[in-house]
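Since the structure comes first, as structure tokens, the remarks are kept for the end.
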Amino acid sequence: MNRPTNSDGWRDTIVTQVRLEAEGVLSLTLAAPDGQQLPSWEAGAHIDVRLPSGTVRQYSLCGDPDAADYTVAVLREENGRGGSAEIHDTALVGRTLPIRGPRNHFPLHAAEHYVFIAGGIGITPVLALAREAARQGASWELHYGGRSATSMAFTSEVRALASDLSLASDLSLGGYLSLGSNISLVEGEPLDLAAIVSRAPAGAAVYACGPAGLLAALRESCGGAHLALYTEQFSADPNAARAAAQEDAAGEAPGQAFEVELARTGATVTVEPGTSILEAVRTVCPDVLSSCEEGFCGTCETKVLAGQPVHADSILNERERESGASMMICVGSCASRRLVLDL
Ligand code: FES
């Protein structure tokens, strides 16, 4: 078994292949330098990848969980923070990339039926989850939307999954692919989330990964429906996610400053509009931990002692959000004037 190379969990991997999966989407295959098997992982897991510049980014694993190597897929984000552009613009084959993990905040929970929904590059964890559901013999369906057929990665893997299950494949070039009644790929138009949700049987679990807009629309469609909803968001703009979450907080106008008391440190900081709690906390606690800073790795999870947090992460489920016991301070916000954190 390949071992981490140092005590904080990072291990070296070698990039053995870079492949163009779709317009703007590259997949990287990462292998242990000694050729041994990397640790196995569960569907929904992601890894931290340290790029040649030192930037750390999180990517969902999307290959075979029992394979010796790992596969991740990276969408070039024109308005991103530079990580995806670095991957797309650097000759990486043969380079060493340290990784950490896998960790899983998006695991498959037991359910009577699964509804998988993917928007764009969100197909990476969703494909792994659908494969796992198929492996378990569970009842499931998959809906995958993209802005164009050429930008949609892993469509052949989705078709292969359908063909493994002996589902009929019926492709119409208008951009809608229906594989039996279980799988649909929709190009250039929004997925009909309301119809998908209304058809879901009681006891179903909905797993969705995609951009903020798709997930917000899905939450709205699921409101009132007795479905378990699990989401993972890809966002190049954490500020936009935070602002959207604030807007969602009933009774509170977005863009207001609030105070955060750090109970153990004995300090209070003000979080101004447009900044994160994490940034404000760092002015007095520079060593507070973070990684993705986009709300999906869990590194910055912090206990809330008082106040009303507003969640914008893709880790906590509805029950955890409602309890208000903890929050991801990289993207979370506050619906009260004051928040007290266990820091
Ligand atoms: S740093 Fe990853 S969830 Fe906050």
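By order of appearance in the structure tokens: chains A, B, ..., then residues from 1 within every chain, and ligands from 1 in the order shown.
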
Point to revise | Within 9 Å of A:Thr155 using only C-alpha atoms, minus same-chain residues under 4 positions, as a VMD selection string | key: chain A and resid 144 149 159 to 160 185

Check your understanding: Skipping near chain neighbours, those fewer than 2 positions away, what residues fall within 9 Å of A:Gly63 using only C-alpha atoms, listed as a PyMOL selection string?
Key -> chain A and resi 61+65-67+69-72+124+127-128

Review point. Suppose you want the space between atom CA of A:Arg100 and atom CA of A:Asp313; what is it in Å?
Key: 20.4 Å

**Study point:** Expected answer as an MDAnalysis selection string: residues within 9 Å of ligand 1, only C-alpha atoms and all ligand atoms
**Key:** chainID A and resid 58 278 289:301 313:315 327:332

Export, as a PDB file, in the first residue's frame, the selected residues with N, CA and C atoms.
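again10.pdb was written with the following content:
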ATOM      1  N   GLN A  58      -9.446  21.338  -4.857  1.00  0.00           N
ATOM      2  CA  GLN A  58     -10.139  20.092  -4.555  1.00  0.00           C
ATOM      3  C   GLN A  58     -10.830  19.579  -5.812  1.00  0.00           C
ATOM      4  N   LEU A 278     -14.151  33.911   7.404  1.00  0.00           N
ATOM      5  CA  LEU A 278     -12.772  33.397   7.467  1.00  0.00           C
ATOM      6  C   LEU A 278     -11.752  34.540   7.348  1.00  0.00           C
ATOM      7  N   LEU A 289      -7.546  27.189  10.072  1.00  0.00           N
ATOM      8  CA  LEU A 289      -7.346  26.289   8.924  1.00  0.00           C
ATOM      9  C   LEU A 289      -8.401  26.491   7.834  1.00  0.00           C
ATOM     10  N   SER A 290      -7.975  26.359   6.596  1.00  0.00           N
ATOM     11  CA  SER A 290      -8.900  26.328   5.463  1.00  0.00           C
ATOM     12  C   SER A 290      -8.213  25.580   4.336  1.00  0.00           C
ATOM     13  N   SER A 291      -9.003  25.220   3.329  1.00  0.00           N
ATOM     14  CA  SER A 291      -8.399  24.563   2.165  1.00  0.00           C
ATOM     15  C   SER A 291      -9.089  25.052   0.902  1.00  0.00           C
ATOM     16  N   CYS A 292     -10.313  24.545   0.611  1.00  0.00           N
ATOM     17  CA  CYS A 292     -10.950  24.905  -0.659  1.00  0.00           C
ATOM     18  C   CYS A 292     -11.407  26.361  -0.686  1.00  0.00           C
ATOM     19  N   GLU A 293     -11.846  26.855   0.464  1.00  0.00           N
ATOM     20  CA  GLU A 293     -12.437  28.196   0.595  1.00  0.00           C
ATOM     21  C   GLU A 293     -13.624  28.395  -0.335  1.00  0.00           C
ATOM     22  N   GLU A 294     -14.272  27.282  -0.683  1.00  0.00           N
ATOM     23  CA  GLU A 294     -15.480  27.331  -1.513  1.00  0.00           C
ATOM     24  C   GLU A 294     -16.613  26.519  -0.899  1.00  0.00           C
ATOM     25  N   GLY A 295     -16.415  26.065   0.334  1.00  0.00           N
ATOM     26  CA  GLY A 295     -17.517  25.413   1.030  1.00  0.00           C
ATOM     27  C   GLY A 295     -17.717  23.949   0.738  1.00  0.00           C
ATOM     28  N   PHE A 296     -16.713  23.250   0.208  1.00  0.00           N
ATOM     29  CA  PHE A 296     -16.972  21.830  -0.013  1.00  0.00           C
ATOM     30  C   PHE A 296     -15.916  20.880   0.520  1.00  0.00           C
ATOM     31  N   CYS A 297     -14.908  21.377   1.258  1.00  0.00           N
ATOM     32  CA  CYS A 297     -13.914  20.422   1.779  1.00  0.00           C
ATOM     33  C   CYS A 297     -14.092  20.150   3.263  1.00  0.00           C
ATOM     34  N   GLY A 298     -14.709  21.044   4.014  1.00  0.00           N
ATOM     35  CA  GLY A 298     -14.963  20.813   5.437  1.00  0.00           C
ATOM     36  C   GLY A 298     -13.849  21.252   6.369  1.00  0.00           C
ATOM     37  N   THR A 299     -12.737  21.715   5.835  1.00  0.00           N
ATOM     38  CA  THR A 299     -11.583  22.046   6.678  1.00  0.00           C
ATOM     39  C   THR A 299     -11.901  23.156   7.676  1.00  0.00           C
ATOM     40  N   CYS A 300     -12.690  24.134   7.285  1.00  0.00           N
ATOM     41  CA  CYS A 300     -12.905  25.304   8.133  1.00  0.00           C
ATOM     42  C   CYS A 300     -14.144  25.179   9.015  1.00  0.00           C
ATOM     43  N   GLU A 301     -14.725  23.980   9.110  1.00  0.00           N
ATOM     44  CA  GLU A 301     -15.952  23.817   9.910  1.00  0.00           C
ATOM     45  C   GLU A 301     -15.694  24.286  11.347  1.00  0.00           C
ATOM     46  N   ASP A 313     -22.430  26.328   2.227  1.00  0.00           N
ATOM     47  CA  ASP A 313     -21.540  25.222   1.864  1.00  0.00           C
ATOM     48  C   ASP A 313     -22.327  24.091   1.226  1.00  0.00           C
ATOM     49  N   SER A 314     -21.626  23.101   0.750  1.00  0.00           N
ATOM     50  CA  SER A 314     -22.301  21.938   0.173  1.00  0.00           C
ATOM     51  C   SER A 314     -21.979  20.692   0.986  1.00  0.00           C
ATOM     52  N   ILE A 315     -21.760  20.864   2.289  1.00  0.00           N
ATOM     53  CA  ILE A 315     -21.395  19.732   3.135  1.00  0.00           C
ATOM     54  C   ILE A 315     -22.525  19.372   4.091  1.00  0.00           C
ATOM     55  N   MET A 327     -20.681  25.586  11.215  1.00  0.00           N
ATOM     56  CA  MET A 327     -20.773  26.201   9.891  1.00  0.00           C
ATOM     57  C   MET A 327     -19.405  26.209   9.219  1.00  0.00           C
ATOM     58  N   MET A 328     -19.402  26.351   7.900  1.00  0.00           N
ATOM     59  CA  MET A 328     -18.152  26.530   7.151  1.00  0.00           C
ATOM     60  C   MET A 328     -17.935  28.039   7.027  1.00  0.00           C
ATOM     61  N   ILE A 329     -16.930  28.519   7.740  1.00  0.00           N
ATOM     62  CA  ILE A 329     -16.768  29.977   7.808  1.00  0.00           C
ATOM     63  C   ILE A 329     -16.138  30.575   6.550  1.00  0.00           C
ATOM     64  N   CYS A 330     -15.728  29.731   5.593  1.00  0.00           N
ATOM     65  CA  CYS A 330     -15.177  30.302   4.355  1.00  0.00           C
ATOM     66  C   CYS A 330     -16.281  30.868   3.472  1.00  0.00           C
ATOM     67  N   VAL A 331     -17.490  30.292   3.565  1.00  0.00           N
ATOM     68  CA  VAL A 331     -18.590  30.767   2.709  1.00  0.00           C
ATOM     69  C   VAL A 331     -19.844  31.152   3.497  1.00  0.00           C
ATOM     70  N   GLY A 332     -19.941  30.654   4.742  1.00  0.00           N
ATOM     71  CA  GLY A 332     -21.138  30.929   5.525  1.00  0.00           C
ATOM     72  C   GLY A 332     -21.234  32.390   5.913  1.00  0.00           C
TER      73      GLY A 332
END

Practice item. Rank A:Ser156, A:Ala335, A:Val115, A:Thr96 by their smallest atom-to-atom distance to A:Ile196, using only C-alpha atoms, and report the top residue only. Key: A:Val115

For stretch 214-223 of chain A, find every residue with an atom within 7 Å (counting only C-alpha atoms), except residues of its own chain fewer than 3 positions away, and show them as an mmCIF file with N, CA and C atoms, in the first residue's frame.
data_model
loop_
_atom_site.group_PDB
_atom_site.id
_atom_site.type_symbol
_atom_site.label_atom_id
_atom_site.label_comp_id
_atom_site.auth_asym_id
_atom_site.auth_seq_id
_atom_site.Cartn_x
_atom_site.Cartn_y
_atom_site.Cartn_z
ATOM 1 N N LEU A 193 -36.228 20.514 -13.573
ATOM 2 C CA LEU A 193 -36.071 20.019 -12.213
ATOM 3 C C LEU A 193 -37.419 19.755 -11.551
ATOM 4 N N ALA A 194 -38.370 20.639 -11.804
ATOM 5 C CA ALA A 194 -39.686 20.463 -11.171
ATOM 6 C C ALA A 194 -40.294 19.127 -11.588
ATOM 7 N N VAL A 197 -38.341 16.213 -9.925
ATOM 8 C CA VAL A 197 -38.658 16.084 -8.498
ATOM 9 C C VAL A 197 -40.078 15.549 -8.303
ATOM 10 N N GLY A 210 -23.483 20.661 -9.196
ATOM 11 C CA GLY A 210 -23.466 21.573 -10.333
ATOM 12 C C GLY A 210 -23.286 22.987 -9.852
ATOM 13 N N PRO A 211 -23.521 23.938 -10.738
ATOM 14 C CA PRO A 211 -23.352 25.340 -10.360
ATOM 15 C C PRO A 211 -24.436 25.819 -9.402
#

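Comparing the minimum interatomic distances between A:His143 and each of A:Leu262, A:Glu112, A:Leu191, A:Ala204, counting only C-alpha atoms, we find that A:Leu191 sits nearest.
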
Point to revise | A:Val126 environment, 9 Å, only C-alpha atoms, sequence neighbours closer than 3 positions dropped, as a list in words | key: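 Near neighbours after the sequence-gap exclusion: Ala43, Gly44, Cys62, Phe116, Ile117, Ala118, Gly122, Ile123, Leu129, Ala130, Arg131, Leu142, Tyr207, Ala208 and Cys209 of chain A.
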